[in-house]
$ cat start-v4.txt   # compact mmCIF, C-alpha atoms
# COMPACT_ATOMS: atom_id res chain seq x y z
CA SER W 1 88.81 79.64 143.29
CA GLU W 2 92.14 79.85 145.12
CA THR W 3 94.32 76.74 145.10
CA THR W 4 96.95 76.12 147.75
CA THR W 5 99.79 73.60 147.99
CA GLN W 6 99.40 71.35 151.02
CA LYS W 7 102.53 69.21 150.71
CA VAL W 8 105.55 68.60 148.44
CA GLU W 9 107.32 65.23 148.43
CA THR W 10 110.48 64.23 146.55
CA LEU W 11 110.01 60.91 144.79
CA ARG W 12 113.30 60.93 142.87
CA GLN W 13 116.48 62.99 143.25
CA VAL W 14 118.30 64.61 140.33
CA GLY W 15 120.32 61.98 138.46
CA GLU W 16 118.98 59.11 140.53
CA GLY W 17 119.27 55.97 138.41
CA ASP W 18 120.30 58.03 135.38
CA PHE W 19 122.90 60.81 135.30
CA GLU W 20 120.68 63.01 133.14
CA SER W 21 117.32 62.23 134.74
CA LEU W 22 115.26 65.04 136.19
CA PRO W 23 113.84 64.95 139.71
CA LEU W 24 110.30 63.78 140.36
CA MET W 25 108.06 65.48 142.90
CA LYS W 26 104.54 64.89 144.13
CA LEU W 27 102.39 67.89 145.04
CA THR W 28 99.26 67.72 147.10
CA VAL W 29 97.06 70.69 146.25
CA LYS W 30 93.59 71.74 147.35
CA SER W 31 91.14 74.32 146.06
CA ALA W 32 88.83 76.21 148.36
CA ASP W 33 85.75 74.38 147.10
CA GLY W 34 87.13 70.99 146.08
CA PRO W 35 88.95 67.87 147.28
CA GLU W 36 92.72 67.40 147.54
CA GLN W 37 94.54 66.38 144.36
CA GLU W 38 97.96 64.79 143.85
CA LEU W 39 100.10 65.96 140.93
CA GLU W 40 103.49 64.65 139.82
CA CYS W 41 105.98 67.02 138.21
CA GLU W 42 109.67 67.33 137.38
CA CYS W 43 110.05 71.03 138.14
CA LEU W 44 108.33 73.35 140.60
CA LEU W 45 108.39 77.11 140.05
CA VAL W 46 108.09 78.96 143.36
CA ALA W 47 107.01 82.59 142.92
CA THR W 48 107.86 84.16 146.26
CA GLY W 49 107.28 87.76 145.20
CA ARG W 50 109.67 90.68 145.38
CA LEU W 51 110.28 93.87 147.31
CA PRO W 52 111.27 97.31 145.98
CA ASN W 53 114.90 98.27 146.52
CA VAL W 54 114.32 101.70 148.07
CA GLU W 55 116.20 101.61 151.36
CA ASN W 56 119.67 103.07 151.97
CA ILE W 57 119.82 104.96 148.67
CA GLY W 58 119.38 108.47 150.10
CA LEU W 59 115.66 108.97 149.54
CA GLU W 60 115.35 110.48 153.01
CA ASP W 61 117.90 113.16 152.08
CA ALA W 62 115.83 114.00 149.01
CA ASN W 63 112.64 114.16 151.09
CA VAL W 64 111.08 111.32 149.09
CA ASP W 65 108.58 109.35 151.16
CA TYR W 66 108.54 105.58 150.72
CA ASP W 67 107.39 102.38 152.32
CA PRO W 68 110.02 99.59 152.54
CA LYS W 69 107.53 96.98 151.37
CA ARG W 70 105.41 99.01 148.94
CA GLY W 71 107.95 101.35 147.38
CA VAL W 72 108.09 105.09 146.65
CA ILE W 73 104.81 106.82 147.46
CA ILE W 74 103.45 108.51 144.32
CA ASN W 75 100.42 110.54 143.34
CA ASP W 76 98.30 110.07 140.22
CA LEU W 77 100.94 111.80 138.07
CA ALA W 78 103.66 109.38 139.31
CA GLN W 79 105.18 112.21 141.39
CA SER W 80 106.47 111.96 144.92
CA PRO W 81 103.99 114.08 146.95
CA SER W 82 106.76 114.99 149.40
CA ASN W 83 109.09 116.12 146.59
CA PRO W 84 107.23 116.91 143.34
CA ASN W 85 110.53 117.16 141.46
CA VAL W 86 110.96 113.38 141.81
CA TYR W 87 108.98 110.80 139.84
CA ALA W 88 108.96 107.01 140.25
CA VAL W 89 108.11 104.34 137.70
CA GLY W 90 107.95 100.58 137.62
CA ASP W 91 108.55 98.12 140.42
CA CYS W 92 109.97 100.73 142.82
CA ALA W 93 106.67 102.65 142.83
CA ALA W 94 104.05 101.85 145.45
CA ASP W 95 100.69 100.25 144.69
CA VAL W 96 101.05 99.66 140.95
CA PRO W 97 101.03 96.32 139.08
CA ARG W 98 104.57 94.96 138.88
CA LEU W 99 104.52 94.12 135.20
CA THR W 100 107.06 95.02 132.51
CA HIS W 101 104.48 96.70 130.30
CA MET W 102 103.21 98.71 133.27
CA SER W 103 106.74 100.01 133.83
CA GLY W 104 106.97 101.00 130.17
CA GLU W 105 103.62 102.78 130.29
CA MET W 106 104.59 104.63 133.47
CA ALA W 107 107.77 105.78 131.73
CA LYS W 108 105.63 107.36 129.00
CA VAL W 109 103.46 108.99 131.67
CA VAL W 110 106.47 110.50 133.43
CA VAL W 111 108.14 111.78 130.24
CA ASN W 112 104.96 113.59 129.23
CA ASN W 113 104.14 114.90 132.71
CA ALA W 114 107.66 115.93 133.74
CA LEU W 115 108.92 117.40 130.48
CA PHE W 116 105.83 118.51 128.56
CA ASP W 117 103.41 119.64 131.30
CA ASP W 118 100.92 116.88 130.52
CA ASN W 119 98.28 115.64 132.93
CA TRP W 120 98.45 111.89 132.22
CA ASN W 121 97.03 110.00 135.21
CA ILE W 122 98.10 106.58 136.47
CA SER W 123 94.48 105.89 137.42
CA SER W 124 93.47 106.15 133.75
CA LEU W 125 95.55 103.13 132.78
CA VAL W 126 93.83 99.81 132.05
CA VAL W 127 96.43 97.12 132.69
CA PRO W 128 96.21 93.58 131.27
CA ALA W 129 98.23 90.67 132.64
CA VAL W 130 99.38 87.54 130.82
CA MET W 131 100.62 84.13 131.90
CA TYR W 132 102.80 82.81 129.08
CA THR W 133 101.75 79.20 129.42
CA HIS W 134 100.48 76.93 126.66
CA PRO W 135 97.80 78.01 125.99
CA GLU W 136 98.29 81.52 127.28
CA VAL W 137 96.02 83.04 129.93
CA ALA W 138 95.31 86.78 129.72
CA THR W 139 93.19 88.85 132.07
CA VAL W 140 92.15 92.46 132.55
CA GLY W 141 89.94 94.21 135.10
CA LEU W 142 87.30 92.12 136.89
CA ALA W 143 88.40 88.94 135.18
CA CYS W 144 85.97 86.44 136.70
CA GLU W 145 82.77 86.05 138.66
CA ASP W 146 84.68 85.48 141.92
CA MET W 147 86.42 88.85 141.61
CA ALA W 148 83.10 90.56 140.94
CA THR W 149 81.53 88.87 143.96
CA LYS W 150 84.38 89.98 146.22
CA ALA W 151 84.04 93.52 144.86
CA GLU W 152 80.26 93.30 145.47
CA VAL W 153 79.54 94.16 141.84
CA GLU W 154 76.63 92.58 139.97
CA VAL W 155 77.67 91.44 136.51
CA ASP W 156 76.68 89.54 133.39
CA VAL W 157 79.06 87.02 131.81
CA TYR W 158 79.47 86.30 128.10
CA ARG W 159 81.57 83.32 127.03
CA ALA W 160 82.68 82.05 123.62
CA GLY W 161 84.61 78.78 123.41
CA LEU W 162 87.17 77.96 120.74
CA GLU W 163 85.81 74.52 119.89
CA HIS W 164 83.99 75.94 116.85
CA ASN W 165 86.50 78.67 116.00
CA ASP W 166 87.82 77.96 112.48
CA ARG W 167 91.32 79.29 113.18
CA ALA W 168 91.62 77.09 116.26
CA ILE W 169 90.33 74.12 114.27
CA THR W 170 92.81 74.81 111.45
CA GLU W 171 95.72 74.99 113.90
CA GLY W 172 94.61 71.81 115.66
CA ASP W 173 94.23 73.36 119.12
CA ARG W 174 90.66 74.13 120.14
CA ARG W 175 91.41 74.54 123.83
CA GLY W 176 90.39 77.83 125.34
CA PHE W 177 87.72 80.49 125.53
CA VAL W 178 86.99 84.19 125.75
CA LYS W 179 84.97 85.38 128.75
CA ILE W 180 83.91 89.00 129.03
CA ILE W 181 82.37 90.48 132.18
CA THR W 182 79.96 93.42 131.85
CA GLU W 183 77.91 95.47 134.24
CA LYS W 184 74.57 93.88 135.12
CA GLY W 185 72.02 94.56 132.38
CA GLY W 186 74.38 96.73 130.32
CA GLY W 187 77.24 96.56 127.87
CA LYS W 188 79.96 98.35 129.84
CA ILE W 189 82.95 96.00 129.95
CA LEU W 190 84.41 95.50 133.43
CA GLY W 191 86.98 92.81 132.62
CA ALA W 192 87.83 89.67 130.71
CA THR W 193 89.67 86.37 130.77
CA ILE W 194 91.07 84.81 127.60
CA VAL W 195 92.60 81.34 127.39
CA ALA W 196 94.08 80.68 123.96
CA GLY W 197 97.23 80.66 121.91
CA ARG W 198 98.36 84.33 121.70
CA ALA W 199 95.80 85.33 124.33
CA GLY W 200 98.19 88.12 125.33
CA GLU W 201 97.64 89.72 121.93
CA ILE W 202 93.89 89.13 121.81
CA ILE W 203 93.31 90.79 125.22
CA ASN W 204 94.51 94.13 123.83
CA GLU W 205 91.23 94.63 121.97
CA VAL W 206 89.28 94.31 125.21
CA THR W 207 91.74 96.58 127.03
CA LEU W 208 91.32 99.25 124.35
CA ALA W 209 87.53 98.97 124.57
CA MET W 210 87.63 99.41 128.36
CA LYS W 211 90.03 102.35 128.08
CA HIS W 212 87.79 104.25 125.65
CA ASN W 213 84.39 103.11 126.97
CA VAL W 214 83.47 101.00 123.96
CA GLY W 215 80.67 98.69 125.03
CA LEU W 216 80.42 94.99 124.28
CA ASP W 217 77.93 95.76 121.53
CA GLY W 218 80.60 97.88 119.85
CA ILE W 219 82.95 94.90 119.80
CA GLY W 220 80.16 92.75 118.37
CA ARG W 221 79.58 95.23 115.55
CA ASN W 222 83.28 95.50 114.68
CA ILE W 223 84.46 93.40 111.71
CA HIS W 224 87.08 90.82 112.69
CA SER W 225 89.33 89.18 110.11
CA TYR W 226 88.51 85.58 109.22
CA PRO W 227 89.79 83.12 110.27
CA THR W 228 91.23 84.46 113.53
CA THR W 229 91.07 83.38 117.14
CA GLY W 230 90.05 86.93 117.97
CA GLU W 231 86.65 86.27 116.42
CA ALA W 232 85.76 84.72 119.78
CA VAL W 233 85.87 88.24 121.26
CA MET W 234 83.36 89.32 118.61
CA GLY W 235 81.34 86.23 119.51
CA CYS W 236 80.84 87.55 123.04
CA GLY W 237 79.68 90.84 121.55
CA LEU W 238 77.18 89.07 119.31
CA GLN W 239 75.83 87.18 122.31
CA PHE W 240 75.17 90.53 123.99
CA ILE W 241 73.41 91.87 120.88
CA ASN W 242 71.39 88.71 120.23
CA ALA W 243 70.17 88.57 123.82
CA ARG W 244 68.32 91.83 123.14
CA TRP W 245 66.51 90.72 120.01
CA LYS W 246 62.76 91.18 120.08
CA ARG W 247 60.64 88.08 119.56
CA LEU W 248 59.08 87.74 116.12
CA ASP W 249 55.58 86.53 116.86
$ encode --input "start-v4.txt" --output "structure tokens"
Amino acid sequence: SETTTQKVETLRQVGEGDFESLPLMKLTVKSADGPEQELECECLLVATGRLPNVENIGLEDANVDYDPKRGVIINDLAQSPSNPNVYAVGDCAADVPRLTHMSGEMAKVVVNNALFDDNWNISSLVVPAVMYTHPEVATVGLACEDMATKAEVEVDVYRAGLEHNDRAITEGDRRGFVKIITEKGGGKILGATIVAGRAGEIINEVTLAMKHNVGLDGIGRNIHSYPTTGEAVMGCGLQFINARWKRLD
């Protein structure tokens, strides 16, 4: 559920009492379905967002339509509908995820479409996102039950924790899990959340499966190297398969 910051208090200024000491702040935060909590921290990262830099650069003269807040308006080929000779990629393009790897993928789309008459569509891209924390958090598609509820999509959830994963045990960090969301009653993968060391690398298997319509059973039947954290992805697939076993009376 969404968590919001209610209040920020400064408990100690930079260098107070010690020239090299860091500041100390107290945050009061509250989730939508829980009580307020107080957290103390030394640094606070404020992500205020960003806007595309598309004004006053002559786009009007080139007949390129744009929105000051969203960016250059593009079609599914990354073309400007008002001037098909112009393409836009990355953070200046409207209504696309503002992620470095998305920009790189859009560049490939534009090179193939503009120079080699390809028909590579933006809508065909399956885009993962990663928070490079410790452990990492990686998501793709409908990443949780809340997102599915908001989208009014009925789903099944398969979850494999890392507490019994031999690679996680060997490395001494068993925090984390793999959670894969599928369509209700079926194996079509709609999204996933992975919390683990190198989660940003593990999510690529799920992204590939979604891109090429490989069901969760296909992941469960794919051999995974041992010992690897990625076996937890296979674990979700095995849960899907095992849930359909017939009873042996």
$ closest_residue --input "start-v4.txt" --among "W:Gln6, W:Gly230, W:Ile181, W:Ser124" --to "Ser31 in chain W" --atoms "only C-alpha atoms"
W:Gln6
$ closest_residue --input "start-v4.txt" --among "W:Gly141, W:Gly235, W:Pro68, W:Gly90" --to "Ile122 in chain W" --atoms "only C-alpha atoms"
W:Gly90
$ closest_residue --input "start-v4.txt" --among "W:Ala138, W:Ile180, W:Leu11, W:Ala32" --to "Val155 in chain W" --atoms "all atoms listed in the file"
W:Ile180
$ residues_near_point --input "start-v4.txt" --point "(77.2, 93.8, 140.4)" --cutoff "12 Å" --atoms "all atoms listed in the file" --output "PyMOL selection string"
chain W and resi 142+145-157+181-186+188+190
$ atom_distance --input "start-v4.txt" --atom1 "CA of Asn165 in chain W" --atom2 "CA of Leu208 in chain W"
22.7 Å
$ residues_around --input "start-v4.txt" --residues "range 57-59 of chain W" --least-positions-apart "2" --cutoff "12 Å" --atoms "all atoms listed in the file" --output "list of chain:residue names"
W:Pro52, W:Asn53, W:Val54, W:Glu55, W:Asp61, W:Ala62, W:Asn63, W:Val64, W:Asp65, W:Tyr66, W:Asp67, W:Pro68, W:Gly71, W:Val72, W:Ile73, W:Ser80, W:Ser82, W:Asn83, W:Val86, W:Tyr87, W:Ala88
$ residues_around --input "start-v4.txt" --residues "Arg159 in chain W" --least-positions-apart "5" --cutoff "10 Å" --atoms "all atoms listed in the file" --output "ChimeraX atom specification"
/W:177-181,192-194,232-233,235-237,239
$ write_last_selection --input "start-v4.txt" --atoms "C-alpha atoms" --output "PDB file, keeping the file's coordinate frame"
ATOM      1  CA  PHE W 177      87.720  80.490 125.530  1.00  0.00           C
ATOM      2  CA  VAL W 178      86.990  84.190 125.750  1.00  0.00           C
ATOM      3  CA  LYS W 179      84.970  85.380 128.750  1.00  0.00           C
ATOM      4  CA  ILE W 180      83.910  89.000 129.030  1.00  0.00           C
ATOM      5  CA  ILE W 181      82.370  90.480 132.180  1.00  0.00           C
ATOM      6  CA  ALA W 192      87.830  89.670 130.710  1.00  0.00           C
ATOM      7  CA  THR W 193      89.670  86.370 130.770  1.00  0.00           C
ATOM      8  CA  ILE W 194      91.070  84.810 127.600  1.00  0.00           C
ATOM      9  CA  ALA W 232      85.760  84.720 119.780  1.00  0.00           C
ATOM     10  CA  VAL W 233      85.870  88.240 121.260  1.00  0.00           C
ATOM     11  CA  GLY W 235      81.340  86.230 119.510  1.00  0.00           C
ATOM     12  CA  CYS W 236      80.840  87.550 123.040  1.00  0.00           C
ATOM     13  CA  GLY W 237      79.680  90.840 121.550  1.00  0.00           C
ATOM     14  CA  GLN W 239      75.830  87.180 122.310  1.00  0.00           C
TER      15      GLN W 239
END
$ atom_distance --input "start-v4.txt" --atom1 "CA of Pro97 in chain W" --atom2 "CA of Leu216 in chain W"
25.4 Å
$ residues_around --input "start-v4.txt" --residues "Leu115 in chain W" --least-positions-apart "6" --cutoff "12 Å" --atoms "all atoms listed in the file" --output "JSON, numbers by chain"
{"W": [85, 87, 107, 108, 109]}
$ write_last_selection --input "start-v4.txt" --atoms "C-alpha atoms" --output "tab-separated table (two decimals), keeping the file's coordinate frame"
chain	number	residue	atom	x	y	z
W	85	ASN	CA	110.53	117.16	141.46
W	87	TYR	CA	108.98	110.80	139.84
W	107	ALA	CA	107.77	105.78	131.73
W	108	LYS	CA	105.63	107.36	129.00
W	109	VAL	CA	103.46	108.99	131.67
$ closest_residue --input "start-v4.txt" --among "W:Tyr226, W:Leu24, W:Val127, W:Pro84" --to "Glu105 in chain W" --atoms "only C-alpha atoms"
W:Val127
$ atom_distance --input "start-v4.txt" --atom1 "CA of Phe240 in chain W" --atom2 "CA of Gly187 in chain W"
7.5 Å
$ decode --input "start-v4.txt" --residues "range 118-144 of chain W" --atoms "C-alpha atoms" --output "CSV table (one decimal), in the first residue's frame"
chain,number,residue,atom,x,y,z
W,118,ASP,CA,11.0,-2.2,-39.6
W,119,ASN,CA,7.7,-2.2,-37.8
W,120,TRP,CA,8.9,-2.5,-34.2
W,121,ASN,CA,6.2,-1.3,-31.9
W,122,ILE,CA,6.7,0.5,-28.5
W,123,SER,CA,3.6,-1.3,-27.2
W,124,SER,CA,5.3,-4.6,-27.7
W,125,LEU,CA,8.0,-3.8,-25.1
W,126,VAL,CA,7.9,-5.4,-21.6
W,127,VAL,CA,9.7,-3.0,-19.3
W,128,PRO,CA,11.1,-4.0,-15.9
W,129,ALA,CA,12.1,-1.5,-13.2
W,130,VAL,CA,14.7,-1.9,-10.5
W,131,MET,CA,15.4,-0.2,-7.2
W,132,TYR,CA,19.1,-0.6,-6.5
W,133,THR,CA,18.8,-1.0,-2.8
W,134,HIS,CA,20.1,-3.8,-0.6
W,135,PRO,CA,18.5,-6.1,-1.3
W,136,GLU,CA,17.4,-5.0,-4.7
W,137,VAL,CA,13.7,-4.7,-5.6
W,138,ALA,CA,12.7,-5.5,-9.2
W,139,THR,CA,9.3,-5.4,-10.7
W,140,VAL,CA,7.6,-5.9,-14.1
W,141,GLY,CA,4.0,-5.7,-15.3
W,142,LEU,CA,1.2,-6.1,-12.7
W,143,ALA,CA,3.7,-6.5,-9.8
W,144,CYS,CA,1.4,-7.0,-6.9
